[in-house]
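Visitor: Quick one, entry_5.cif (mmCIF, C-alpha atoms and all ligand atoms):
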```cif
data_input
#
loop_
_atom_site.label_atom_id
_atom_site.label_comp_id
_atom_site.auth_asym_id
_atom_site.auth_seq_id
_atom_site.Cartn_x
_atom_site.Cartn_y
_atom_site.Cartn_z
CA MET A 1 0.00 0.00 0.00
CA THR A 2 1.09 3.58 -0.56
CA GLU A 3 1.36 6.49 1.88
CA ASN A 4 -0.76 9.53 1.10
CA GLY A 5 0.51 11.67 -1.75
CA ASN A 6 -0.26 12.40 -5.36
CA ASP A 7 0.81 9.02 -6.64
CA LYS A 8 -1.40 7.23 -9.11
CA GLN A 9 -1.31 3.98 -7.13
CA ARG A 10 -3.43 5.34 -4.34
CA ARG A 11 -6.21 2.87 -3.53
CA ILE A 12 -9.44 4.23 -2.13
CA LEU A 13 -12.68 2.80 -0.76
CA VAL A 14 -15.88 4.85 -0.97
CA THR A 15 -18.75 3.41 1.08
CA GLY A 16 -22.21 4.60 0.09
CA ALA A 17 -20.90 4.80 -3.51
CA GLY A 18 -24.36 3.96 -4.83
CA GLY A 19 -25.78 7.04 -3.11
CA PHE A 20 -25.87 10.68 -4.08
CA ILE A 21 -22.62 12.18 -2.70
CA GLY A 22 -20.66 8.91 -2.88
CA HIS A 23 -21.39 8.57 -6.60
CA HIS A 24 -20.15 12.10 -7.33
CA LEU A 25 -17.10 11.48 -5.12
CA VAL A 26 -16.14 8.33 -7.04
CA SER A 27 -16.20 10.30 -10.31
CA ALA A 28 -14.04 13.07 -8.81
CA LEU A 29 -11.48 10.56 -7.46
CA LYS A 30 -11.33 8.80 -10.84
CA ARG A 31 -10.70 12.14 -12.58
CA ARG A 32 -7.54 12.35 -10.42
CA GLY A 33 -6.43 8.96 -11.70
CA TRP A 34 -6.77 7.03 -8.44
CA TRP A 35 -7.97 3.44 -8.02
CA VAL A 36 -11.41 3.31 -6.42
CA ARG A 37 -13.60 0.58 -4.94
CA GLY A 38 -17.23 1.50 -4.40
CA VAL A 39 -19.40 -0.38 -1.90
CA ASP A 40 -23.13 -0.05 -1.27
CA LEU A 41 -26.34 -2.01 -0.90
CA LYS A 42 -27.23 -0.83 -4.41
CA ARG A 43 -25.66 0.59 -7.55
CA PRO A 44 -26.17 4.28 -8.42
CA GLU A 45 -29.68 4.78 -9.80
CA PHE A 46 -29.18 7.46 -12.42
CA SER A 47 -25.80 6.81 -14.10
CA SER A 48 -23.24 4.03 -13.88
CA SER A 49 -20.35 4.17 -11.42
CA GLU A 50 -16.82 4.90 -12.65
CA ALA A 51 -15.35 2.87 -9.77
CA ASP A 52 -12.74 0.24 -10.71
CA GLU A 53 -14.60 -2.24 -8.54
CA PHE A 54 -18.14 -2.03 -7.21
CA GLU A 55 -19.24 -4.49 -4.56
CA ILE A 56 -22.75 -4.93 -3.23
CA LEU A 57 -22.29 -5.41 0.53
CA ASP A 58 -24.31 -4.78 3.67
CA LEU A 59 -21.92 -2.80 5.85
CA ARG A 60 -23.91 -3.45 8.99
CA ARG A 61 -22.15 -6.83 8.86
CA TRP A 62 -18.65 -7.23 10.24
CA ASP A 63 -17.50 -9.70 7.56
CA ALA A 64 -18.70 -7.34 4.82
CA CYS A 65 -16.71 -4.48 6.36
CA LEU A 66 -13.54 -6.59 6.46
CA GLN A 67 -14.04 -7.43 2.79
CA ALA A 68 -14.79 -3.82 1.82
CA THR A 69 -11.71 -2.34 3.53
CA ARG A 70 -9.14 -4.87 2.25
CA ASN A 71 -6.09 -3.54 0.35
CA VAL A 72 -6.96 0.15 0.44
CA ASP A 73 -5.01 3.15 1.75
CA GLU A 74 -7.95 5.47 2.36
CA VAL A 75 -11.62 5.17 3.23
CA TYR A 76 -14.37 7.72 2.61
CA ALA A 77 -17.21 6.51 4.85
CA LEU A 78 -20.51 7.73 3.40
CA ALA A 79 -22.78 4.71 3.80
CA ALA A 80 -25.78 5.61 5.92
CA ASP A 81 -29.46 4.83 6.24
CA MET A 82 -30.77 8.36 5.82
CA GLY A 83 -33.02 10.80 3.99
CA GLY A 84 -34.68 14.20 4.30
CA MET A 85 -36.82 15.47 7.20
CA GLY A 86 -39.70 13.16 6.23
CA PHE A 87 -37.41 10.19 6.82
CA ILE A 88 -35.20 11.16 9.74
CA SER A 89 -38.11 12.47 11.83
CA PHE A 90 -39.96 9.13 11.79
CA ASN A 91 -37.35 6.35 11.83
CA HIS A 92 -35.22 6.93 14.91
CA SER A 93 -34.58 3.34 15.99
CA GLN A 94 -33.85 2.12 12.47
CA ILE A 95 -31.44 5.01 11.84
CA LEU A 96 -29.60 4.66 15.14
CA HIS A 97 -29.35 0.88 14.87
CA ASN A 98 -28.27 0.63 11.24
CA ASN A 99 -25.86 3.55 11.18
CA LEU A 100 -24.13 2.63 14.43
CA LEU A 101 -23.52 -0.88 13.12
CA ILE A 102 -22.21 0.48 9.80
CA ASN A 103 -19.84 2.96 11.43
CA ILE A 104 -18.53 0.82 14.30
CA HIS A 105 -17.77 -2.07 11.95
CA THR A 106 -16.38 -0.05 9.05
CA LEU A 107 -13.96 1.91 11.24
CA ASP A 108 -12.64 -1.14 13.09
CA ALA A 109 -12.30 -3.20 9.92
CA ALA A 110 -10.34 -0.31 8.37
CA ARG A 111 -8.01 -0.30 11.38
CA LEU A 112 -7.43 -4.06 11.15
CA ASN A 113 -6.73 -3.76 7.43
CA GLY A 114 -4.13 -1.03 8.02
CA VAL A 115 -6.04 1.88 6.47
CA ARG A 116 -4.11 5.13 7.08
CA ARG A 117 -6.67 7.79 6.26
CA TYR A 118 -10.36 7.62 7.11
CA LEU A 119 -12.95 10.31 6.42
CA TYR A 120 -16.27 10.11 8.22
CA THR A 121 -19.26 12.09 6.90
CA SER A 122 -21.12 13.68 9.78
CA SER A 123 -23.90 16.24 9.63
CA ALA A 124 -25.09 19.64 10.81
CA CYS A 125 -27.81 17.59 12.54
CA VAL A 126 -25.32 17.11 15.43
CA TYR A 127 -25.87 20.70 16.57
CA PRO A 128 -28.09 21.29 19.59
CA GLU A 129 -31.71 22.18 19.10
CA TYR A 130 -31.47 25.02 21.66
CA LEU A 131 -29.22 27.02 19.27
CA GLN A 132 -31.64 26.65 16.35
CA ASN A 133 -34.99 27.84 17.66
CA THR A 134 -35.38 30.98 15.52
CA THR A 135 -35.20 31.68 11.81
CA GLU A 136 -32.45 34.32 12.22
CA VAL A 137 -29.89 32.02 13.84
CA VAL A 138 -26.22 32.70 14.49
CA PRO A 139 -24.15 30.49 12.14
CA LEU A 140 -23.02 27.33 13.93
CA LYS A 141 -19.35 26.92 14.83
CA GLU A 142 -17.86 23.47 15.32
CA ALA A 143 -17.50 23.95 19.10
CA ASP A 144 -21.26 24.64 19.39
CA ALA A 145 -21.97 20.89 19.18
CA TYR A 146 -21.52 20.63 22.98
CA PRO A 147 -23.33 20.50 25.39
CA ALA A 148 -25.05 18.08 23.06
CA GLN A 149 -28.78 18.04 22.34
CA PRO A 150 -29.36 17.04 18.71
CA GLN A 151 -33.00 16.99 17.60
CA ASP A 152 -33.07 13.45 16.19
CA ALA A 153 -31.47 10.01 16.64
CA TYR A 154 -29.69 10.72 13.36
CA GLY A 155 -27.74 13.54 15.07
CA TRP A 156 -26.91 11.40 18.13
CA GLU A 157 -25.57 8.63 15.91
CA LYS A 158 -23.39 11.13 14.07
CA LEU A 159 -22.02 12.49 17.36
CA ILE A 160 -21.18 9.03 18.68
CA SER A 161 -19.44 8.08 15.42
CA GLU A 162 -17.50 11.36 15.51
CA GLN A 163 -16.33 10.45 19.03
CA LEU A 164 -15.37 6.99 17.86
CA CYS A 165 -13.21 8.47 15.08
CA GLY A 166 -11.48 10.67 17.67
CA HIS A 167 -10.70 7.70 19.92
CA TYR A 168 -9.35 5.60 17.03
CA ARG A 169 -7.04 8.49 16.18
CA ASP A 170 -5.77 8.72 19.77
CA ASP A 171 -5.64 5.00 20.55
CA TYR A 172 -4.55 3.53 17.20
CA ASN A 173 -2.82 6.45 15.52
CA MET A 174 -5.21 6.26 12.57
CA LEU A 175 -5.64 9.56 10.71
CA THR A 176 -9.40 10.13 11.01
CA HIS A 177 -11.22 13.13 9.53
CA VAL A 178 -14.75 14.25 10.37
CA VAL A 179 -16.74 16.52 8.07
CA ARG A 180 -20.13 18.00 9.02
CA PHE A 181 -22.21 18.61 5.89
CA HIS A 182 -24.90 21.29 5.77
CA ASN A 183 -27.60 20.29 3.23
CA ILE A 184 -25.82 19.07 0.13
CA PHE A 185 -27.84 19.06 -3.09
CA GLY A 186 -27.38 18.58 -6.83
CA GLU A 187 -28.00 16.46 -9.88
CA LEU A 188 -28.23 12.63 -9.69
CA GLY A 189 -29.71 12.69 -6.17
CA THR A 190 -32.90 11.07 -4.90
CA TRP A 191 -35.82 13.27 -5.98
CA TRP A 192 -38.83 11.10 -5.17
CA GLY A 193 -39.96 8.33 -2.81
CA GLY A 194 -39.68 9.82 0.69
CA ARG A 195 -35.91 10.05 1.20
CA GLU A 196 -35.38 13.17 -0.93
CA LYS A 197 -34.25 16.46 0.64
CA ALA A 198 -35.96 19.85 0.37
CA PRO A 199 -34.16 21.19 -2.77
CA ALA A 200 -34.93 18.03 -4.78
CA ALA A 201 -38.52 17.89 -3.49
CA LEU A 202 -39.10 21.54 -4.44
CA CYS A 203 -37.57 21.04 -7.90
CA ARG A 204 -39.89 18.07 -8.45
CA LYS A 205 -42.99 19.97 -7.31
CA VAL A 206 -42.15 23.00 -9.44
CA ALA A 207 -41.49 20.77 -12.45
CA VAL A 208 -44.92 19.15 -11.99
CA ALA A 209 -46.53 22.59 -11.66
CA LYS A 210 -44.83 23.72 -14.86
CA LEU A 211 -45.56 20.57 -16.86
CA THR A 212 -49.22 20.32 -15.77
CA GLY A 213 -50.01 24.03 -15.55
CA THR A 214 -51.23 23.85 -11.93
CA HIS A 215 -48.89 26.52 -10.53
CA GLU A 216 -49.46 25.76 -6.88
CA ILE A 217 -47.02 23.79 -4.76
CA GLU A 218 -47.16 22.23 -1.31
CA ILE A 219 -44.73 23.24 1.46
CA TRP A 220 -44.33 21.58 4.86
CA GLY A 221 -45.01 24.03 7.70
CA ASP A 222 -45.08 27.80 7.23
CA GLY A 223 -41.96 27.67 5.04
CA GLU A 224 -40.19 30.31 7.14
CA GLN A 225 -37.68 27.75 8.47
CA THR A 226 -34.19 28.65 7.24
CA ARG A 227 -31.20 26.62 5.98
CA SER A 228 -28.11 26.96 3.77
CA PHE A 229 -27.60 24.70 0.74
CA CYS A 230 -24.32 23.60 -0.82
CA HIS A 231 -23.85 22.10 -4.29
CA VAL A 232 -22.36 18.58 -4.40
CA ASP A 233 -19.40 19.62 -6.61
CA ASP A 234 -18.15 21.95 -3.86
CA CYS A 235 -18.81 19.28 -1.25
CA VAL A 236 -16.71 16.68 -3.06
CA GLU A 237 -13.76 19.05 -3.52
CA GLY A 238 -13.86 19.88 0.20
CA MET A 239 -13.86 16.20 1.17
CA ILE A 240 -10.84 15.40 -0.98
CA ALA A 241 -8.93 18.39 0.43
CA LEU A 242 -9.79 17.34 4.00
CA GLN A 243 -8.67 13.75 3.44
CA ALA A 244 -5.30 15.03 2.12
CA SER A 245 -4.84 17.30 5.15
CA GLU A 246 -3.55 16.54 8.64
CA PHE A 247 -6.57 18.23 10.26
CA THR A 248 -8.49 15.78 12.43
CA LYS A 249 -11.15 17.73 14.36
CA PRO A 250 -14.76 17.96 13.12
CA ILE A 251 -15.18 20.65 10.47
CA ASN A 252 -18.23 22.27 8.84
CA LEU A 253 -18.75 22.09 5.09
CA GLY A 254 -21.65 24.04 3.62
CA GLN A 255 -22.72 27.34 2.18
CA ASP A 256 -23.21 30.21 4.62
CA ARG A 257 -26.02 31.91 2.73
CA MET A 258 -29.22 31.29 4.65
CA VAL A 259 -32.59 31.21 2.88
CA SER A 260 -36.08 30.23 3.97
CA ILE A 261 -37.84 27.28 2.36
CA ASN A 262 -40.36 29.75 0.89
CA GLU A 263 -37.49 31.71 -0.70
CA LEU A 264 -35.97 28.51 -2.01
CA ALA A 265 -39.31 27.54 -3.60
CA HIS A 266 -39.61 30.92 -5.36
CA LEU A 267 -36.00 30.70 -6.53
CA VAL A 268 -36.67 27.31 -8.12
CA ALA A 269 -39.88 28.63 -9.72
CA SER A 270 -38.05 31.59 -11.24
CA ILE A 271 -35.43 29.20 -12.65
CA ALA A 272 -38.29 27.17 -14.16
CA GLY A 273 -39.72 30.39 -15.59
CA ILE A 274 -43.08 30.16 -13.81
CA GLU A 275 -44.82 31.77 -10.88
CA VAL A 276 -46.16 29.53 -8.13
CA SER A 277 -48.34 30.06 -5.10
CA LEU A 278 -47.35 28.17 -1.97
CA ARG A 279 -49.84 26.02 -0.08
CA HIS A 280 -48.62 25.40 3.47
CA VAL A 281 -49.53 22.00 4.87
CA PRO A 282 -48.64 20.22 8.13
CA GLY A 283 -45.38 18.26 7.95
CA PRO A 284 -42.01 17.77 9.65
CA GLN A 285 -39.81 20.88 9.53
CA GLY A 286 -36.75 20.10 11.65
CA VAL A 287 -35.10 22.93 13.54
CA ARG A 288 -36.37 26.47 12.94
CA GLY A 289 -33.15 27.87 11.53
CA ARG A 290 -29.62 26.68 10.71
CA ASN A 291 -26.56 28.13 9.04
CA SER A 292 -22.91 27.11 8.75
CA ASP A 293 -20.00 29.12 10.17
CA ASN A 294 -17.23 28.43 7.65
CA THR A 295 -14.37 30.22 9.40
CA LEU A 296 -12.56 26.98 10.22
CA ILE A 297 -12.73 25.32 6.80
CA GLU A 298 -11.61 28.53 5.12
CA GLN A 299 -8.63 28.80 7.48
CA VAL A 300 -7.60 25.15 7.47
CA LEU A 301 -8.25 24.11 3.86
CA GLY A 302 -8.71 27.44 2.05
CA TRP A 303 -12.06 25.96 0.94
CA ARG A 304 -14.85 28.27 -0.17
CA PHE A 305 -17.91 27.25 -2.16
CA ARG A 306 -17.77 28.19 -5.83
CA VAL A 307 -21.19 27.13 -7.13
CA SER A 308 -23.75 29.79 -6.23
CA LEU A 309 -27.16 28.71 -4.96
CA GLU A 310 -28.75 29.96 -8.22
CA GLU A 311 -26.28 28.06 -10.42
CA GLY A 312 -26.55 24.86 -8.37
CA LEU A 313 -30.34 25.01 -8.35
CA ALA A 314 -30.48 25.70 -12.09
CA ARG A 315 -28.40 22.58 -12.78
CA THR A 316 -30.43 20.50 -10.35
CA TYR A 317 -33.78 21.80 -11.59
CA ARG A 318 -32.95 21.06 -15.25
CA TRP A 319 -32.01 17.48 -14.36
CA ILE A 320 -35.09 16.87 -12.19
CA GLU A 321 -37.46 18.42 -14.75
CA GLU A 322 -36.11 15.91 -17.29
CA GLN A 323 -36.69 13.04 -14.83
CA VAL A 324 -40.25 14.17 -14.08
CA ALA A 325 -41.11 14.73 -17.74
CA HIS A 326 -39.74 11.30 -18.65
CA ALA A 327 -41.64 9.57 -15.81
CA LEU A 328 -44.92 11.27 -16.79
CA ARG A 329 -44.40 10.41 -20.48
CA CYS A 330 -43.83 6.73 -19.66
CA SER A 331 -46.67 6.39 -17.15
CA PRO A 332 -49.97 4.76 -18.17
CA GLN A 333 -51.63 7.11 -15.64
CA PRO A 334 -49.74 10.40 -15.90
CA GLN A 335 -52.39 12.42 -14.03
CA GLU A 336 -52.27 10.11 -11.02
CA LEU A 337 -48.46 10.15 -11.05
CA ALA A 338 -48.40 13.96 -11.28
CA ARG A 339 -50.72 14.09 -8.28
CA GLN A 340 -48.31 11.90 -6.30
CA PHE A 341 -45.26 13.91 -7.39
CA ALA A 342 -46.99 17.11 -6.26
CA SER A 343 -47.06 16.08 -2.63
CA SER A 344 -44.36 14.96 -0.19
CA ARG A 345 -44.35 11.55 1.39
CA VAL A 346 -43.25 10.59 4.85
CA VAL A 347 -41.56 7.19 4.87
CA SER A 348 -42.24 5.28 8.06
CA MET A 349 -40.83 2.07 9.50
CA ASN A 350 -43.67 0.08 7.93
CA GLU A 351 -42.53 0.77 4.40
CA ARG A 352 -38.78 0.91 4.83
CA THR A 353 -36.47 -0.32 2.11
CA PRO A 354 -35.44 -3.97 2.43
CA HIS A 355 -32.08 -3.31 4.14
P1 LIG B 401 -27.54 8.65 0.20
O1 LIG B 401 -28.68 8.07 0.96
O2 LIG B 401 -27.76 9.06 -1.20
O3 LIG B 401 -26.30 7.64 0.24
C1 LIG B 401 -26.06 6.77 1.31
C2 LIG B 401 -25.82 5.39 0.73
O4 LIG B 401 -25.53 4.48 1.79
C3 LIG B 401 -27.05 4.82 -0.02
O5 LIG B 401 -26.74 4.55 -1.36
C4 LIG B 401 -27.38 3.57 0.76
O6 LIG B 401 -27.83 2.49 -0.06
C5 LIG B 401 -26.05 3.22 1.41
N1 LIG B 401 -26.27 2.34 2.55
C6 LIG B 401 -27.25 2.41 3.50
N2 LIG B 401 -27.16 1.36 4.31
C7 LIG B 401 -26.10 0.62 3.90
C8 LIG B 401 -25.54 -0.60 4.33
N3 LIG B 401 -26.05 -1.28 5.38
N4 LIG B 401 -24.47 -1.10 3.67
C9 LIG B 401 -23.96 -0.44 2.59
N5 LIG B 401 -24.46 0.72 2.12
C10 LIG B 401 -25.53 1.23 2.76
O7 LIG B 401 -27.00 9.87 1.09
P2 LIG B 401 -25.98 11.05 0.73
O8 LIG B 401 -26.76 12.29 0.65
O9 LIG B 401 -25.12 10.65 -0.41
O10 LIG B 401 -25.14 11.09 2.09
C11 LIG B 401 -23.84 10.52 2.21
C12 LIG B 401 -23.33 10.73 3.62
O11 LIG B 401 -23.33 12.13 3.94
C13 LIG B 401 -24.21 10.07 4.70
O12 LIG B 401 -23.41 9.57 5.73
C14 LIG B 401 -25.06 11.20 5.23
O13 LIG B 401 -25.50 10.98 6.55
C15 LIG B 401 -24.08 12.36 5.12
N6 LIG B 401 -24.78 13.67 5.05
C16 LIG B 401 -25.44 14.02 3.91
C17 LIG B 401 -26.10 15.25 3.86
C18 LIG B 401 -26.83 15.71 2.62
O14 LIG B 401 -27.33 16.84 2.63
N7 LIG B 401 -26.92 14.91 1.56
C19 LIG B 401 -26.07 16.11 4.97
C20 LIG B 401 -25.40 15.70 6.11
C21 LIG B 401 -24.74 14.48 6.13
#
```
Kindly present the structure from the file in structure tokens form.
Guide:
Amino acid sequence: MTENGNDKQRRILVTGAGGFIGHHLVSALKRRGWWVRGVDLKRPEFSSSEADEFEILDLRRWDACLQATRNVDEVYALAADMGGMGFISFNHSQILHNNLLINIHTLDAARLNGVRRYLYTSSACVYPEYLQNTTEVVPLKEADAYPAQPQDAYGWEKLISEQLCGHYRDDYNMLTHVVRFHNIFGELGTWWGGREKAPAALCRKVAVAKLTGTHEIEIWGDGEQTRSFCHVDDCVEGMIALQASEFTKPINLGQDRMVSINELAHLVASIAGIEVSLRHVPGPQGVRGRNSDNTLIEQVLGWRFRVSLEEGLARTYRWIEEQVAHALRCSPQPQELARQFASSRVVSMNERTPH
């Protein structure tokens, strides 16, 4: 195996390579000429993986983790049972159980297999609810995670796995990195089914409004809740820079431009070239406001997002409109499908995917 550097022999494992960010990451690593193994429960849905090897494995299992982490220098750990607010608000035990198993086993298998660099993908969901109770929130710094009080089991699992990475660094001298993403979005991500995030859901609803001429879209809650949104291309560049660095404490990665969900919906509609009215319906909203303080990542990695929210949304919207138009064209009951696309689903334990 090779030590970290620019050499072409570098061998890398990406877990969750069949998912949204993992798929983009594999492509970015291949553009650099490195050897990549992708592992997931499923292959990417919307375009084929460029990974040199792609193995279908259930990383909750110890033997699968040993197999996945063999003969690699670096691991990017992205595999997770997750989704948008409609998923993480209603599946606490499943999320905590599955993701703890995945992370405990993947990290220890990597240690046993002599992996030198390990990057764990955490989330802004680790931050305490008591700092996020208003729409005009102060951007969250890394140190704000403690005293801990995340809103959901998803955030607790991320915090525990962050801690585990820290202990493996101290006890086994493994170079572990922890990145906290703030709402990553872009093309080739889940846009329908209950696991999609707000930007993809809004793009889908606006596309349906445009294609069917309804011009009204549904929003969960009053839509005044605020967030920042970062395009996946910027996210992937930040991850690769972090893995190459010696920095080992948790670090934020996101945009620091905060918008409300209502503003986001109007932005997508203007990209689509239509006007929409917003119909507010009951639904999970998460914390009231959240923004990323990027001081640390700018200092440590010189990272700053390059893709503006407008540009990222335009790219994402174009791709989702194509998906929606294609699905409606191919459906024997396009009106019924359009009706389903126009609303958001909450996925509960009873209809979980067969993991
Ligand atoms: P995603 O759901 O698209 O990808 C996760 C992948 O993990 C999926 O393809 C899934 O099949 C796979 N997976 C789940 N259980 C598995 C198992 N038992 N074995 C093997 N693979 C399994 O999610 P994403 O948006 O690409 O997120 C990637 C990582 O980034 C996750 O750890 C997520 O928690 C974190 N994150 C993402 C965001 C975001 O906005 N997208 C924000 C914060 C944190």
Visitor: Taking all atoms listed in the file into account, produce a table as JSON lines in which each residue of segment 112-191 of chain A with an atom at most 10 Å from an atom of segment 314-322 of chain A appears once, together with its shortest atom pair and the distance in Å to one decimal, ordered by chain and rising number.
Guide:
```
{"residue": "A:Phe185", "atom": "CA", "partner": "A:Thr316", "partner_atom": "CA", "distance": 7.8}
{"residue": "A:Gly186", "atom": "CA", "partner": "A:Thr316", "partner_atom": "CA", "distance": 5.0}
{"residue": "A:Glu187", "atom": "CA", "partner": "A:Thr316", "partner_atom": "CA", "distance": 4.7}
{"residue": "A:Leu188", "atom": "CA", "partner": "A:Trp319", "partner_atom": "CA", "distance": 7.7}
{"residue": "A:Gly189", "atom": "CA", "partner": "A:Thr316", "partner_atom": "CA", "distance": 8.9}
{"residue": "A:Thr190", "atom": "CA", "partner": "A:Ile320", "partner_atom": "CA", "distance": 9.6}
{"residue": "A:Trp191", "atom": "CA", "partner": "A:Ile320", "partner_atom": "CA", "distance": 7.2}
```
Visitor: How many Å lie between atom CA of Glu45 of chain A and atom CA of Ser89 of chain A, rounded to one decimal?
Guide: 24.5 Å
Visitor: Within 6 Å of ligand LIG 401 (chain B) (counting all atoms listed in the file), which residues show up? I'd like them as number ranges by chain.
Guide: A: 16, 18-22, 40-42, 57-60, 78-83, 121-123, 181-184
Visitor: Keeping only C-alpha atoms, write the selected residues to a file as an mmCIF file, in the coordinates of the input.
Guide:
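The resulting out.cif:
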```cif
data_model
loop_
_atom_site.group_PDB
_atom_site.id
_atom_site.type_symbol
_atom_site.label_atom_id
_atom_site.label_comp_id
_atom_site.auth_asym_id
_atom_site.auth_seq_id
_atom_site.Cartn_x
_atom_site.Cartn_y
_atom_site.Cartn_z
ATOM 1 C CA GLY A 16 -22.210 4.600 0.090
ATOM 2 C CA GLY A 18 -24.360 3.960 -4.830
ATOM 3 C CA GLY A 19 -25.780 7.040 -3.110
ATOM 4 C CA PHE A 20 -25.870 10.680 -4.080
ATOM 5 C CA ILE A 21 -22.620 12.180 -2.700
ATOM 6 C CA GLY A 22 -20.660 8.910 -2.880
ATOM 7 C CA ASP A 40 -23.130 -0.050 -1.270
ATOM 8 C CA LEU A 41 -26.340 -2.010 -0.900
ATOM 9 C CA LYS A 42 -27.230 -0.830 -4.410
ATOM 10 C CA LEU A 57 -22.290 -5.410 0.530
ATOM 11 C CA ASP A 58 -24.310 -4.780 3.670
ATOM 12 C CA LEU A 59 -21.920 -2.800 5.850
ATOM 13 C CA ARG A 60 -23.910 -3.450 8.990
ATOM 14 C CA LEU A 78 -20.510 7.730 3.400
ATOM 15 C CA ALA A 79 -22.780 4.710 3.800
ATOM 16 C CA ALA A 80 -25.780 5.610 5.920
ATOM 17 C CA ASP A 81 -29.460 4.830 6.240
ATOM 18 C CA MET A 82 -30.770 8.360 5.820
ATOM 19 C CA GLY A 83 -33.020 10.800 3.990
ATOM 20 C CA THR A 121 -19.260 12.090 6.900
ATOM 21 C CA SER A 122 -21.120 13.680 9.780
ATOM 22 C CA SER A 123 -23.900 16.240 9.630
ATOM 23 C CA PHE A 181 -22.210 18.610 5.890
ATOM 24 C CA HIS A 182 -24.900 21.290 5.770
ATOM 25 C CA ASN A 183 -27.600 20.290 3.230
ATOM 26 C CA ILE A 184 -25.820 19.070 0.130
#
```
Visitor: Please indicate the distance in Å from atom CA of Pro128 of chain A to atom CA of Asp293 of chain A, rounded to one decimal place.
Guide: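 Value for the atom CA of Pro128 of chain A-atom CA of Asp293 of chain A distance: 14.7 Å.
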Visitor: Give me, as JSON lines, the closest atom pair and its distance (Å, one decimal) for every residue of segment 243-326 of chain A within a cut-off of 12 Å of segment 198-217 of chain A, counting only C-alpha atoms, rows sorted by chain and rising number.
Guide:
```
{"residue": "A:Val259", "atom": "CA", "partner": "A:Pro199", "partner_atom": "CA", "distance": 11.6}
{"residue": "A:Ser260", "atom": "CA", "partner": "A:Ala198", "partner_atom": "CA", "distance": 11.0}
{"residue": "A:Ile261", "atom": "CA", "partner": "A:Ala198", "partner_atom": "CA", "distance": 7.9}
{"residue": "A:Asn262", "atom": "CA", "partner": "A:Leu202", "partner_atom": "CA", "distance": 9.9}
{"residue": "A:Glu263", "atom": "CA", "partner": "A:Leu202", "partner_atom": "CA", "distance": 11.0}
{"residue": "A:Leu264", "atom": "CA", "partner": "A:Pro199", "partner_atom": "CA", "distance": 7.6}
{"residue": "A:Ala265", "atom": "CA", "partner": "A:Leu202", "partner_atom": "CA", "distance": 6.1}
{"residue": "A:His266", "atom": "CA", "partner": "A:Val206", "partner_atom": "CA", "distance": 9.3}
{"residue": "A:Leu267", "atom": "CA", "partner": "A:Cys203", "partner_atom": "CA", "distance": 9.9}
{"residue": "A:Val268", "atom": "CA", "partner": "A:Cys203", "partner_atom": "CA", "distance": 6.3}
{"residue": "A:Ala269", "atom": "CA", "partner": "A:Val206", "partner_atom": "CA", "distance": 6.1}
{"residue": "A:Ser270", "atom": "CA", "partner": "A:Val206", "partner_atom": "CA", "distance": 9.7}
{"residue": "A:Ile271", "atom": "CA", "partner": "A:Cys203", "partner_atom": "CA", "distance": 9.7}
{"residue": "A:Ala272", "atom": "CA", "partner": "A:Ala207", "partner_atom": "CA", "distance": 7.4}
{"residue": "A:Gly273", "atom": "CA", "partner": "A:Lys210", "partner_atom": "CA", "distance": 8.4}
{"residue": "A:Ile274", "atom": "CA", "partner": "A:Lys210", "partner_atom": "CA", "distance": 6.8}
{"residue": "A:Glu275", "atom": "CA", "partner": "A:His215", "partner_atom": "CA", "distance": 6.7}
{"residue": "A:Val276", "atom": "CA", "partner": "A:His215", "partner_atom": "CA", "distance": 4.7}
{"residue": "A:Ser277", "atom": "CA", "partner": "A:Glu216", "partner_atom": "CA", "distance": 4.8}
{"residue": "A:Leu278", "atom": "CA", "partner": "A:Ile217", "partner_atom": "CA", "distance": 5.2}
{"residue": "A:Arg279", "atom": "CA", "partner": "A:Ile217", "partner_atom": "CA", "distance": 5.9}
{"residue": "A:His280", "atom": "CA", "partner": "A:Ile217", "partner_atom": "CA", "distance": 8.5}
{"residue": "A:Val281", "atom": "CA", "partner": "A:Ile217", "partner_atom": "CA", "distance": 10.1}
{"residue": "A:Pro284", "atom": "CA", "partner": "A:Ala198", "partner_atom": "CA", "distance": 11.3}
{"residue": "A:Gln285", "atom": "CA", "partner": "A:Ala198", "partner_atom": "CA", "distance": 10.0}
{"residue": "A:Gly286", "atom": "CA", "partner": "A:Ala198", "partner_atom": "CA", "distance": 11.3}
{"residue": "A:Leu309", "atom": "CA", "partner": "A:Pro199", "partner_atom": "CA", "distance": 10.5}
{"residue": "A:Glu310", "atom": "CA", "partner": "A:Pro199", "partner_atom": "CA", "distance": 11.7}
{"residue": "A:Gly312", "atom": "CA", "partner": "A:Pro199", "partner_atom": "CA", "distance": 10.1}
{"residue": "A:Leu313", "atom": "CA", "partner": "A:Pro199", "partner_atom": "CA", "distance": 7.8}
{"residue": "A:Ala314", "atom": "CA", "partner": "A:Cys203", "partner_atom": "CA", "distance": 9.5}
{"residue": "A:Arg315", "atom": "CA", "partner": "A:Cys203", "partner_atom": "CA", "distance": 10.5}
{"residue": "A:Thr316", "atom": "CA", "partner": "A:Cys203", "partner_atom": "CA", "distance": 7.6}
{"residue": "A:Tyr317", "atom": "CA", "partner": "A:Cys203", "partner_atom": "CA", "distance": 5.3}
{"residue": "A:Arg318", "atom": "CA", "partner": "A:Cys203", "partner_atom": "CA", "distance": 8.7}
{"residue": "A:Trp319", "atom": "CA", "partner": "A:Cys203", "partner_atom": "CA", "distance": 9.2}
{"residue": "A:Ile320", "atom": "CA", "partner": "A:Arg204", "partner_atom": "CA", "distance": 6.2}
{"residue": "A:Glu321", "atom": "CA", "partner": "A:Ala207", "partner_atom": "CA", "distance": 5.2}
{"residue": "A:Glu322", "atom": "CA", "partner": "A:Ala207", "partner_atom": "CA", "distance": 8.7}
{"residue": "A:Gln323", "atom": "CA", "partner": "A:Arg204", "partner_atom": "CA", "distance": 8.7}
{"residue": "A:Val324", "atom": "CA", "partner": "A:Arg204", "partner_atom": "CA", "distance": 6.9}
{"residue": "A:Ala325", "atom": "CA", "partner": "A:Leu211", "partner_atom": "CA", "distance": 7.4}
{"residue": "A:His326", "atom": "CA", "partner": "A:Leu211", "partner_atom": "CA", "distance": 11.1}
```
